[in-house]
>>> print(open('query26.txt').read())   # compact mmCIF, C-alpha atoms
# COMPACT_ATOMS: atom_id res chain seq x y z
CA MET C 1 -5.63 25.98 -3.89
CA ALA C 2 -7.08 23.72 -1.19
CA LYS C 3 -9.89 22.36 -3.27
CA TYR C 4 -10.33 18.99 -1.62
CA ASN C 5 -10.15 18.52 2.10
CA GLY C 6 -9.96 15.42 4.17
CA VAL C 7 -9.86 12.95 1.31
CA SER C 8 -7.98 9.93 2.63
CA ILE C 9 -4.53 9.33 1.25
CA SER C 10 -5.53 5.82 0.13
CA VAL C 11 -8.20 7.30 -2.11
CA ILE C 12 -5.76 9.92 -3.42
CA ARG C 13 -3.21 7.22 -4.19
CA ARG C 14 -5.76 5.36 -6.30
CA MET C 15 -6.53 8.40 -8.46
CA PRO C 16 -3.39 8.13 -10.66
CA ARG C 17 -4.41 4.60 -11.50
CA TYR C 18 -7.92 5.69 -12.54
CA TYR C 19 -6.27 8.40 -14.58
CA ARG C 20 -4.03 5.89 -16.39
CA PHE C 21 -6.88 3.50 -17.19
CA LEU C 22 -9.15 6.28 -18.38
CA ARG C 23 -6.41 7.69 -20.59
CA GLU C 24 -6.03 4.30 -22.18
CA LEU C 25 -9.78 3.99 -22.79
CA ASN C 26 -9.87 7.54 -24.12
CA ASN C 27 -6.93 6.86 -26.44
CA LYS C 28 -8.81 3.85 -27.78
CA GLY C 29 -11.72 6.14 -28.62
CA ILE C 30 -14.07 4.61 -26.06
CA GLN C 31 -16.61 7.24 -25.04
CA ARG C 32 -18.58 5.67 -22.27
CA VAL C 33 -17.86 3.09 -19.56
CA SER C 34 -20.08 1.65 -16.86
CA SER C 35 -18.69 1.53 -13.34
CA LYS C 36 -19.04 -2.25 -13.61
CA ALA C 37 -16.90 -2.46 -16.77
CA LEU C 38 -14.32 -0.04 -15.37
CA ALA C 39 -14.24 -2.08 -12.17
CA ALA C 40 -13.63 -5.32 -14.07
CA LEU C 41 -10.85 -3.69 -16.06
CA MET C 42 -9.13 -2.37 -12.96
CA GLY C 43 -9.69 -5.35 -10.68
CA LEU C 44 -11.86 -3.31 -8.30
CA THR C 45 -15.55 -3.40 -7.40
CA ALA C 46 -18.05 -0.98 -8.94
CA SER C 47 -19.01 0.12 -5.45
CA GLN C 48 -15.41 1.01 -4.60
CA ILE C 49 -15.11 3.11 -7.75
CA ARG C 50 -18.33 4.96 -6.92
CA GLN C 51 -17.15 5.52 -3.35
CA ASP C 52 -13.75 6.80 -4.50
CA LEU C 53 -15.18 9.21 -7.03
CA ASN C 54 -17.81 10.43 -4.59
CA CYS C 55 -14.98 11.83 -2.47
CA PHE C 56 -14.55 14.41 -5.21
CA GLY C 57 -18.21 14.94 -5.98
CA GLY C 58 -19.04 11.89 -8.10
CA PHE C 59 -19.27 11.96 -11.86
CA GLY C 60 -21.45 9.08 -13.01
CA GLN C 61 -24.98 9.22 -14.24
CA GLN C 62 -27.36 6.48 -13.16
CA GLY C 63 -27.88 4.10 -16.04
CA TYR C 64 -25.38 5.83 -18.31
CA GLY C 65 -22.09 5.19 -16.57
CA TYR C 66 -19.15 7.50 -17.05
CA ASN C 67 -18.26 9.71 -19.98
CA VAL C 68 -14.65 8.56 -20.45
CA GLN C 69 -13.14 11.80 -21.72
CA LEU C 70 -14.93 13.96 -19.17
CA LEU C 71 -13.96 11.71 -16.28
CA TYR C 72 -10.38 11.53 -17.55
CA GLU C 73 -10.18 15.31 -17.65
CA GLU C 74 -11.90 15.70 -14.31
CA ILE C 75 -9.50 13.33 -12.58
CA GLY C 76 -6.64 15.18 -14.28
CA ASN C 77 -7.98 18.39 -12.76
CA ILE C 78 -8.37 16.78 -9.35
CA LEU C 79 -4.75 15.62 -9.52
CA GLY C 80 -3.68 19.06 -10.72
CA ILE C 81 -2.08 17.80 -13.95
CA PRO C 82 -2.68 21.09 -15.85
CA ASN C 83 -0.48 22.91 -13.31
CA ALA C 84 2.62 21.56 -15.06
CA PHE C 85 4.85 22.40 -12.09
CA ARG C 86 8.26 23.67 -13.14
CA THR C 87 10.73 20.99 -12.18
CA ILE C 88 14.46 20.37 -12.05
CA LEU C 89 16.25 17.05 -11.79
CA ILE C 90 19.40 16.79 -9.70
CA GLY C 91 21.78 13.90 -10.28
CA VAL C 92 22.13 12.20 -13.65
CA GLY C 93 23.70 8.90 -12.72
CA ASN C 94 21.94 5.75 -13.93
CA LEU C 95 18.92 6.48 -11.82
CA GLY C 96 18.57 10.10 -12.95
CA ARG C 97 19.04 9.04 -16.58
CA ALA C 98 16.46 6.29 -16.24
CA VAL C 99 14.00 8.80 -14.79
CA LEU C 100 14.81 11.34 -17.51
CA GLN C 101 14.34 8.87 -20.31
CA HIS C 102 11.37 6.93 -18.98
CA MET C 103 9.06 9.61 -17.73
CA ASP C 104 6.64 11.74 -19.67
CA PHE C 105 6.58 14.58 -17.16
CA ARG C 106 3.87 16.61 -18.89
CA GLU C 107 1.54 13.67 -18.68
CA VAL C 108 1.82 13.56 -14.90
CA GLY C 109 1.68 17.27 -14.10
CA PHE C 110 5.25 18.52 -14.38
CA GLU C 111 7.43 20.43 -16.80
CA LEU C 112 11.10 19.57 -16.63
CA ILE C 113 13.15 22.74 -17.14
CA GLY C 114 16.68 21.84 -16.06
CA VAL C 115 19.02 19.00 -15.22
CA PHE C 116 21.97 19.25 -12.80
CA ASP C 117 24.94 17.22 -11.65
CA ASN C 118 28.22 17.97 -9.89
CA ASP C 119 30.44 15.86 -12.14
CA PRO C 120 32.46 18.30 -14.30
CA GLN C 121 32.68 15.63 -17.01
CA LEU C 122 28.93 15.92 -17.51
CA ASN C 123 28.98 19.72 -17.80
CA GLY C 124 27.09 20.67 -20.96
CA LYS C 125 26.54 17.05 -21.98
CA GLU C 126 23.19 16.35 -23.68
CA ILE C 127 21.15 13.81 -21.74
CA GLY C 128 17.50 13.13 -22.48
CA GLY C 129 17.24 16.36 -24.45
CA PHE C 130 18.79 18.48 -21.70
CA SER C 131 22.21 20.05 -21.47
CA VAL C 132 23.49 19.11 -18.01
CA MET C 133 24.28 22.10 -15.78
CA MET C 134 26.58 22.11 -12.77
CA VAL C 135 25.20 22.25 -9.24
CA ASP C 136 27.00 25.55 -8.63
CA GLU C 137 24.73 27.11 -11.25
CA LEU C 138 21.66 25.92 -9.36
CA GLU C 139 21.00 29.07 -7.37
CA SER C 140 21.18 31.49 -10.27
CA PHE C 141 19.10 29.13 -12.39
CA CYS C 142 16.41 28.91 -9.72
CA ILE C 143 16.30 32.68 -9.23
CA LYS C 144 15.88 33.15 -12.97
CA ASN C 145 13.52 30.24 -13.72
CA SER C 146 11.57 29.65 -10.48
CA PRO C 147 11.21 25.88 -10.41
CA THR C 148 8.94 24.67 -7.59
CA VAL C 149 9.79 20.97 -7.69
CA ALA C 150 13.09 19.07 -7.49
CA ILE C 151 13.67 15.44 -8.40
CA MET C 152 16.36 14.19 -6.06
CA CYS C 153 18.48 11.49 -7.71
CA LEU C 154 21.67 12.41 -5.89
CA PRO C 155 23.59 10.66 -3.08
CA ASP C 156 22.09 10.93 0.42
CA GLU C 157 25.08 12.93 1.65
CA ALA C 158 24.34 15.76 -0.76
CA VAL C 159 20.70 16.28 0.21
CA ASP C 160 21.29 18.48 3.25
CA GLU C 161 23.68 20.67 1.30
CA LEU C 162 21.11 21.40 -1.37
CA CYS C 163 17.70 21.33 0.32
CA PRO C 164 18.00 24.63 2.24
CA LEU C 165 19.20 26.37 -0.93
CA LEU C 166 16.40 24.89 -3.02
CA ILE C 167 13.76 25.77 -0.45
CA SER C 168 15.06 29.33 -0.11
CA CYS C 169 14.71 29.61 -3.89
CA GLY C 170 11.05 28.59 -3.76
CA VAL C 171 11.20 24.82 -4.34
CA ASN C 172 8.55 23.21 -2.14
CA GLY C 173 7.97 19.86 -3.80
CA PHE C 174 10.38 16.93 -3.86
CA TRP C 175 10.28 13.65 -5.71
CA ASN C 176 12.78 11.94 -3.51
CA PHE C 177 14.85 8.90 -4.52
CA THR C 178 17.27 9.36 -1.60
CA HIS C 179 16.86 7.81 1.86
CA VAL C 180 16.82 11.19 3.56
CA ASP C 181 13.47 12.01 5.18
CA ILE C 182 13.06 15.40 3.52
CA ALA C 183 9.44 15.84 4.65
CA MET C 184 10.36 15.46 8.30
CA LYS C 185 13.51 17.58 8.13
CA TYR C 186 11.97 20.37 6.10
CA PRO C 187 8.38 20.94 7.23
CA GLY C 188 6.09 22.64 4.78
CA THR C 189 7.43 20.73 1.79
CA ALA C 190 5.39 18.23 -0.22
CA VAL C 191 7.38 15.06 -0.70
CA GLU C 192 6.89 11.78 -2.49
CA ASN C 193 9.51 9.24 -1.57
CA VAL C 194 10.45 6.45 -3.94
CA HIS C 195 11.51 3.53 -1.82
CA LEU C 196 11.98 0.87 -4.46
CA GLY C 197 13.03 -1.64 -1.82
CA ASP C 198 9.66 -1.34 -0.06
CA GLY C 199 7.90 -2.68 -3.14
CA LEU C 200 10.32 -5.57 -3.32
CA MET C 201 9.73 -6.38 0.35
CA THR C 202 5.99 -6.35 -0.27
CA LEU C 203 6.57 -8.79 -3.12
CA CYS C 204 8.64 -10.88 -0.75
CA TYR C 205 5.72 -10.96 1.68
CA LYS C 206 3.29 -11.98 -1.07
CA LEU C 207 5.58 -14.79 -2.19
CA SER C 208 6.12 -15.92 1.39
CA ASN C 209 2.40 -15.92 2.19
CA ASP C 210 0.54 -17.84 -0.48
CA SER C 211 -2.80 -16.40 0.52
CA GLU C 212 -1.60 -13.02 -0.67
CA ARG C 213 -0.92 -14.26 -4.18
CA LYS C 214 -3.92 -12.47 -5.52
CA GLN C 215 -4.09 -9.06 -7.07
CA GLU C 216 -4.89 -6.11 -4.86
CA TYR C 217 -4.62 -2.38 -5.16
CA MET K 1 3.60 -20.99 3.63
CA ALA K 2 0.37 -19.07 4.33
CA LYS K 3 1.35 -17.84 7.74
CA TYR K 4 -0.70 -14.69 7.92
CA ASN K 5 -4.21 -14.46 6.65
CA GLY K 6 -6.43 -11.53 6.06
CA VAL K 7 -3.93 -8.86 7.06
CA SER K 8 -4.94 -5.78 5.10
CA ILE K 9 -2.68 -4.70 2.29
CA SER K 10 -2.27 -1.25 3.85
CA VAL K 11 -0.78 -2.82 6.95
CA ILE K 12 1.44 -5.07 4.84
CA ARG K 13 2.66 -2.09 2.85
CA ARG K 14 3.71 -0.34 6.05
CA MET K 15 5.85 -3.26 7.21
CA PRO K 16 8.84 -2.52 4.93
CA ARG K 17 8.98 0.95 6.40
CA TYR K 18 9.04 -0.42 9.97
CA TYR K 19 11.75 -2.78 8.84
CA ARG K 20 13.89 0.08 7.46
CA PHE K 21 13.54 2.21 10.56
CA LEU K 22 14.28 -0.70 12.88
CA ARG K 23 17.34 -1.65 10.86
CA GLU K 24 18.61 1.87 11.23
CA LEU K 25 18.06 1.86 15.00
CA ASN K 26 19.65 -1.57 15.23
CA ASN K 27 22.66 -0.43 13.20
CA LYS K 28 23.06 2.47 15.61
CA GLY K 29 23.23 -0.02 18.48
CA ILE K 30 19.93 1.07 20.03
CA GLN K 31 18.47 -1.88 21.94
CA ARG K 32 15.09 -0.73 23.09
CA VAL K 33 12.49 1.67 21.75
CA SER K 34 9.11 2.71 23.15
CA SER K 35 6.18 2.67 20.76
CA LYS K 36 5.95 6.41 21.45
CA ALA K 37 9.55 7.07 20.39
CA LEU K 38 9.24 4.82 17.34
CA ALA K 39 6.02 6.61 16.44
CA ALA K 40 7.66 10.04 16.67
CA LEU K 41 10.54 8.84 14.52
CA MET K 42 8.24 7.47 11.86
CA GLY K 43 5.61 10.17 11.92
CA LEU K 44 2.90 7.76 13.10
CA THR K 45 0.95 7.41 16.34
CA ALA K 46 1.93 4.89 19.00
CA SER K 47 -1.56 3.43 18.76
CA GLN K 48 -1.20 2.84 15.01
CA ILE K 49 2.09 1.04 15.55
CA ARG K 50 0.53 -1.20 18.19
CA GLN K 51 -2.44 -1.90 15.96
CA ASP K 52 -0.23 -2.73 12.98
CA LEU K 53 2.01 -5.08 14.92
CA ASN K 54 -0.96 -6.74 16.60
CA CYS K 55 -1.99 -8.02 13.15
CA PHE K 56 1.01 -10.32 13.38
CA GLY K 57 0.71 -11.18 17.05
CA GLY K 58 2.15 -8.08 18.72
CA PHE K 59 5.65 -7.85 20.10
CA GLY K 60 5.78 -5.11 22.72
CA GLN K 61 5.91 -5.48 26.44
CA GLN K 62 3.90 -3.08 28.56
CA GLY K 63 6.27 -0.55 30.16
CA TYR K 64 9.32 -1.87 28.31
CA GLY K 65 8.60 -1.05 24.70
CA TYR K 66 10.17 -3.02 21.88
CA ASN K 67 13.44 -4.88 21.75
CA VAL K 68 14.86 -3.35 18.56
CA GLN K 69 16.84 -6.30 17.29
CA LEU K 70 14.10 -8.83 18.05
CA LEU K 71 11.41 -6.73 16.41
CA TYR K 72 13.66 -6.10 13.41
CA GLU K 73 14.21 -9.83 12.97
CA GLU K 74 10.54 -10.62 13.55
CA ILE K 75 9.39 -8.16 10.92
CA GLY K 76 12.04 -9.56 8.58
CA ASN K 77 10.53 -13.01 9.16
CA ILE K 78 7.01 -11.70 8.60
CA LEU K 79 8.13 -10.17 5.30
CA GLY K 80 9.94 -13.38 4.41
CA ILE K 81 13.35 -11.73 3.97
CA PRO K 82 15.30 -14.91 4.87
CA ASN K 83 13.73 -16.68 1.87
CA ALA K 84 16.19 -14.90 -0.43
CA PHE K 85 14.11 -15.73 -3.51
CA ARG K 86 16.24 -16.55 -6.53
CA THR K 87 15.79 -13.71 -8.97
CA ILE K 88 16.71 -12.73 -12.50
CA LEU K 89 16.66 -9.27 -14.03
CA ILE K 90 15.59 -8.85 -17.65
CA GLY K 91 16.54 -5.69 -19.51
CA VAL K 92 19.69 -3.74 -18.69
CA GLY K 93 18.94 -0.36 -20.22
CA ASN K 94 19.23 2.68 -17.97
CA LEU K 95 16.40 1.47 -15.79
CA GLY K 96 17.76 -2.05 -15.38
CA ARG K 97 21.21 -0.71 -14.64
CA ALA K 98 19.85 1.75 -12.10
CA VAL K 99 18.00 -1.09 -10.38
CA LEU K 100 21.07 -3.34 -10.52
CA GLN K 101 23.35 -0.74 -9.02
CA HIS K 102 21.02 0.79 -6.46
CA MET K 103 19.39 -2.19 -4.84
CA ASP K 104 20.76 -4.40 -2.12
CA PHE K 105 18.65 -7.42 -3.03
CA ARG K 106 19.68 -9.57 -0.08
CA GLU K 107 18.49 -6.90 2.30
CA VAL K 108 14.97 -7.05 0.88
CA GLY K 109 14.55 -10.82 0.48
CA PHE K 110 16.01 -11.67 -2.91
CA GLU K 111 19.14 -13.16 -4.38
CA LEU K 112 19.98 -11.94 -7.85
CA ILE K 113 21.40 -14.83 -9.88
CA GLY K 114 21.32 -13.67 -13.49
CA VAL K 115 20.94 -10.68 -15.78
CA PHE K 116 19.53 -10.80 -19.32
CA ASP K 117 19.12 -8.56 -22.34
CA ASN K 118 18.51 -9.11 -26.04
CA ASP K 119 21.08 -6.63 -27.31
CA PRO K 120 24.00 -8.68 -28.75
CA GLN K 121 26.35 -5.80 -27.94
CA LEU K 122 25.73 -6.43 -24.25
CA ASN K 123 26.42 -10.17 -24.49
CA GLY K 124 28.94 -11.08 -21.79
CA LYS K 125 29.39 -7.49 -20.69
CA GLU K 126 29.92 -7.01 -16.95
CA ILE K 127 27.22 -4.84 -15.41
CA GLY K 128 26.76 -4.48 -11.67
CA GLY K 129 28.88 -7.57 -11.06
CA PHE K 130 26.96 -9.72 -13.54
CA SER K 131 27.92 -10.94 -16.97
CA VAL K 132 24.92 -10.13 -19.18
CA MET K 133 23.34 -13.17 -20.83
CA MET K 134 21.17 -13.17 -23.95
CA VAL K 135 17.42 -13.72 -23.70
CA ASP K 136 17.70 -16.85 -25.84
CA GLU K 137 19.69 -18.44 -23.01
CA LEU K 138 16.85 -17.71 -20.57
CA GLU K 139 15.09 -21.05 -20.77
CA SER K 140 18.16 -23.21 -20.25
CA PHE K 141 19.32 -20.92 -17.45
CA CYS K 142 15.95 -21.18 -15.70
CA ILE K 143 15.86 -24.95 -16.00
CA LYS K 144 19.32 -25.18 -14.50
CA ASN K 145 19.03 -22.50 -11.82
CA SER K 146 15.32 -22.35 -10.91
CA PRO K 147 14.75 -18.65 -10.32
CA THR K 148 11.28 -17.88 -8.95
CA VAL K 149 11.26 -14.13 -9.45
CA ALA K 150 11.86 -11.93 -12.49
CA ILE K 151 12.52 -8.19 -12.49
CA MET K 152 10.96 -6.85 -15.68
CA CYS K 153 12.89 -3.83 -16.98
CA LEU K 154 12.19 -4.56 -20.64
CA PRO K 155 9.92 -2.84 -23.19
CA ASP K 156 6.18 -3.51 -22.85
CA GLU K 157 6.10 -5.31 -26.21
CA ALA K 158 8.46 -8.01 -24.98
CA VAL K 159 6.51 -8.96 -21.87
CA ASP K 160 4.03 -11.32 -23.51
CA GLU K 161 6.80 -13.10 -25.34
CA LEU K 162 8.65 -13.87 -22.15
CA CYS K 163 6.02 -14.29 -19.42
CA PRO K 164 4.63 -17.67 -20.52
CA LEU K 165 8.17 -19.05 -20.83
CA LEU K 166 9.17 -17.70 -17.43
CA ILE K 167 6.04 -19.03 -15.77
CA SER K 168 6.47 -22.45 -17.37
CA CYS K 169 9.99 -22.49 -15.91
CA GLY K 170 8.67 -21.84 -12.39
CA VAL K 171 8.87 -18.06 -12.09
CA ASN K 172 5.83 -16.88 -10.13
CA GLY K 173 6.90 -13.49 -8.81
CA PHE K 174 7.38 -10.35 -10.87
CA TRP K 175 8.78 -6.98 -9.97
CA ASN K 176 7.26 -5.18 -12.87
CA PHE K 177 8.53 -1.89 -14.31
CA THR K 178 6.51 -2.30 -17.53
CA HIS K 179 2.97 -1.07 -18.09
CA VAL K 180 1.66 -4.55 -18.82
CA ASP K 181 -0.78 -5.81 -16.19
CA ILE K 182 1.01 -9.10 -15.54
CA ALA K 183 -1.09 -9.97 -12.48
CA MET K 184 -4.32 -9.78 -14.44
CA LYS K 185 -3.00 -11.56 -17.54
CA TYR K 186 -1.25 -14.34 -15.67
CA PRO K 187 -3.34 -15.35 -12.64
CA GLY K 188 -1.50 -17.10 -9.86
CA THR K 189 1.51 -14.83 -10.07
CA ALA K 190 2.56 -12.41 -7.35
CA VAL K 191 3.29 -9.03 -8.85
CA GLU K 192 4.51 -5.70 -7.58
CA ASN K 193 4.18 -2.98 -10.18
CA VAL K 194 6.42 0.04 -10.14
CA HIS K 195 4.43 2.91 -11.59
CA LEU K 196 6.81 5.78 -11.03
CA GLY K 197 4.35 8.19 -12.62
CA ASP K 198 1.71 7.42 -9.99
CA GLY K 199 3.97 8.79 -7.28
CA LEU K 200 4.57 11.91 -9.32
CA MET K 201 0.84 12.39 -9.81
CA THR K 202 0.30 12.02 -6.07
CA LEU K 203 2.95 14.71 -5.57
CA CYS K 204 1.09 16.83 -8.12
CA TYR K 205 -2.10 16.43 -6.07
CA LYS K 206 -0.31 17.40 -2.86
CA LEU K 207 1.15 20.50 -4.48
CA SER K 208 -2.20 21.41 -6.00
CA ASN K 209 -4.07 21.00 -2.72
CA ASP K 210 -2.27 22.92 0.01
CA SER K 211 -4.10 21.11 2.76
CA GLU K 212 -2.26 17.95 1.73
CA ARG K 213 1.16 19.48 2.24
CA LYS K 214 1.73 17.52 5.37
CA GLN K 215 3.50 14.23 5.76
CA GLU K 216 1.47 11.07 5.61
CA TYR K 217 2.21 7.40 5.19
>>> encode(input="query26.txt", output="C-alpha cells")
Amino acid sequence: MAKYNGVSISVIRRMPRYYRFLRELNNKGIQRVSSKALAALMGLTASQIRQDLNCFGGFGQQGYGYNVQLLYEEIGNILGIPNAFRTILIGVGNLGRAVLQHMDFREVGFELIGVFDNDPQLNGKEIGGFSVMMVDELESFCIKNSPTVAIMCLPDEAVDELCPLLISCGVNGFWNFTHVDIAMKYPGTAVENVHLGDGLMTLCYKLSNDSERKQEY
Amino acid sequence: MAKYNGVSISVIRRMPRYYRFLRELNNKGIQRVSSKALAALMGLTASQIRQDLNCFGGFGQQGYGYNVQLLYEEIGNILGIPNAFRTILIGVGNLGRAVLQHMDFREVGFELIGVFDNDPQLNGKEIGGFSVMMVDELESFCIKNSPTVAIMCLPDEAVDELCPLLISCGVNGFWNFTHVDIAMKYPGTAVENVHLGDGLMTLCYKLSNDSERKQEY
C-alpha cells in the first residue's frame, strides 16, 4: 500500500485541510477553482498549493484550474479515506463522549464498530449510538471483528495493560489522547497523538509575540 | 512584546513538545541532559534540537549539555507561559466539559476565569470547579474581568454572534474548536484551531501508506 514515498510530513499534514476546503466547495456545487482562488480562500499562496499537489502528481490544468470534485476525490484517495478502517474507541468519559458525538468518522476514513469502558455502570449503556461494552470483552470482540485502529481516551495508567493485547489482535493504528508515547513503546504502529495542550501553548506564544499574530498554516 | 521575529511556525510548534519533555525530566529530578540523550528521548536528532533552540539564542554548553531546569524555564518564557492569559470558556457540552476537566490551564499559559453556556438548565451549575454563567452575562463579565482569550466550544452558528462582542471587550486570542475560520474573519486575532478530524485523516494516510508507519514529529 506504499503509494507515496518521501512526501514530507508537513505536506501530508496540509492535505486534510485541502480536503476540508474542497469538500465545502463541492458541497456548494462549485465545479472549478483556480489555484489563485483556492489559495485566497485557504490563506496560502497559489505556488504553495501547486507545490503541495505536485508531491502527489499534480492535478491542475494550465488555464483551467482545478476540477473541484475530482480534486476532492483524489485527495480523499491520497489520504486513504475510502479504506474506512475498522475502529474501536476505548474510554467513554467526557473526552470519549465528546469524540463520539463530534466526529463523523466515515468522513475522515474510519468506521467505528465498538465502544469500550471498564466502568460496570456503563455496561450496555447507549452512548452516541453505541452500546458500551466492557474492556474484558475486548479480546473476543477483536478476534471476531478485526478492528485495526483504536481511539485511546482512557487514563494513561491503562494504556500499557491494553496495548499489547490490542496489537496482538491486529490493531496497528492509534488515535492517542493519552500522554503515553505509544509510537515509541510499540514500534510498527501508526500513531497520531492529540496533545491539546500543545495547541494552547502555541496560542500562548502567538499572544506573547505580537509579530506572530497573523494567520499561518 | 515581539521578542522573537521570523522564527518559523514549524519550530514554534515543536517548542511545546520540548517543554513537556523537559518538565518530565525536571519532575524526575534530572539536572542535566545532553542534546544526544534528549534527542533519543524525543525521537529527534541532536542537530535538530540544537538548530531549533538556536532560533531563540541557544542554551547548551559544549561538553555539558543542557541544564534541565534552566532550559525548561527558558522555553516556558519563550512560549510566554508566565503570562497566564485570562481566559473564558464558552460552551459546556461534552466537548467543553472534556476540555474543562482535562486541561491544566496554568501549566500551558492560561488562567481560566469563567465558564459560559446558553442553556438555562446549566445556569449556576458547578462544572469543573466553575459555576456556569449565561451567555447574556458575557459582556458585563468581560468588562469587569478583562479576559483576553476565549475557548470556543460552542456550535458554529453561534460564533458570529459572539466574536464581535468578545473582540470589542478586548478578547484577541481564540482556542477554536468550531469550524468557523475566526482568524480570517476577524483579522488581528491570534487563533489556534483544533481540527480533530485532520489528525484522524493524517492517521488514515499513515495507515494507507505503509512507508509512513514510522514516528515523525
>>> closest_atom_pairs(input="query26.txt", of="chain C", to="chain K", cutoff="7 Å", atoms="all atoms listed in the file", output="CSV")
residue,atom,partner,partner_atom,distance
C:Met1,CA,K:Asn209,CA,5.3
C:Ala2,CA,K:Asn209,CA,4.3
C:Lys3,CA,K:Asn209,CA,6.0
C:Tyr4,CA,K:Asn209,CA,6.7
C:Asn5,CA,K:Ser211,CA,6.6
C:Ile12,CA,K:Thr202,CA,6.9
C:Arg13,CA,K:Thr202,CA,6.2
C:Pro16,CA,K:Asp198,CA,5.2
C:Arg17,CA,K:Asp198,CA,6.9
C:Leu79,CA,K:Tyr205,CA,4.4
C:Gly80,CA,K:Ser208,CA,5.5
C:Ile81,CA,K:Cys204,CA,6.7
C:Asn94,CA,K:Ala98,CA,4.9
C:Leu95,CA,K:Ala98,CA,4.8
C:Arg97,CA,K:Asn94,CA,6.5
C:Ala98,CA,K:Leu95,CA,4.8
C:Val108,CA,K:Met201,CA,5.3
C:Gly109,CA,K:Cys204,CA,6.0
C:Gly173,CA,K:Leu207,CA,6.9
C:Trp175,CA,K:Leu200,CA,7.0
C:Ala183,CA,K:Gln215,CA,6.3
C:Gly188,CA,K:Arg213,CA,6.4
C:Thr189,CA,K:Arg213,CA,6.4
C:Ala190,CA,K:Arg213,CA,5.1
C:Val191,CA,K:Leu203,CA,6.6
C:Glu192,CA,K:Leu203,CA,5.8
C:Gly197,CA,K:Val108,CA,6.3
C:Asp198,CA,K:Pro16,CA,5.2
C:Gly199,CA,K:Glu192,CA,6.4
C:Leu200,CA,K:Val108,CA,6.4
C:Met201,CA,K:Val108,CA,5.3
C:Thr202,CA,K:Arg13,CA,6.2
C:Leu203,CA,K:Glu192,CA,5.8
C:Cys204,CA,K:Gly80,CA,5.9
C:Tyr205,CA,K:Leu79,CA,4.4
C:Lys206,CA,K:Ala190,CA,6.3
C:Leu207,CA,K:Ala190,CA,6.4
C:Ser208,CA,K:Gly80,CA,5.5
C:Asn209,CA,K:Ala2,CA,4.3
C:Asp210,CA,K:Ala2,CA,5.0
C:Ser211,CA,K:Ala2,CA,5.6
C:Arg213,CA,K:Ala190,CA,5.1
C:Lys214,CA,K:Ala190,CA,6.7
C:Gln215,CA,K:Ala183,CA,6.3
>>> residues_around(input="query26.txt", residues="Gly60 of chain K", least_positions_apart="5", cutoff="9 Å", atoms="all atoms listed in the file", output="ChimeraX atom specification")
/K:34-35,50,53,65-67,71
>>> atom_distance(input="query26.txt", atom1="atom CA of Val33 of chain C", atom2="atom CA of Thr45 of chain C")
14.0 Å
>>> atom_distance(input="query26.txt", atom1="atom CA of Tyr72 of chain C", atom2="atom CA of Leu22 of chain C")
5.5 Å
>>> atom_distance(input="query26.txt", atom1="atom CA of Gly128 of chain K", atom2="atom CA of Val92 of chain K")
10.0 Å
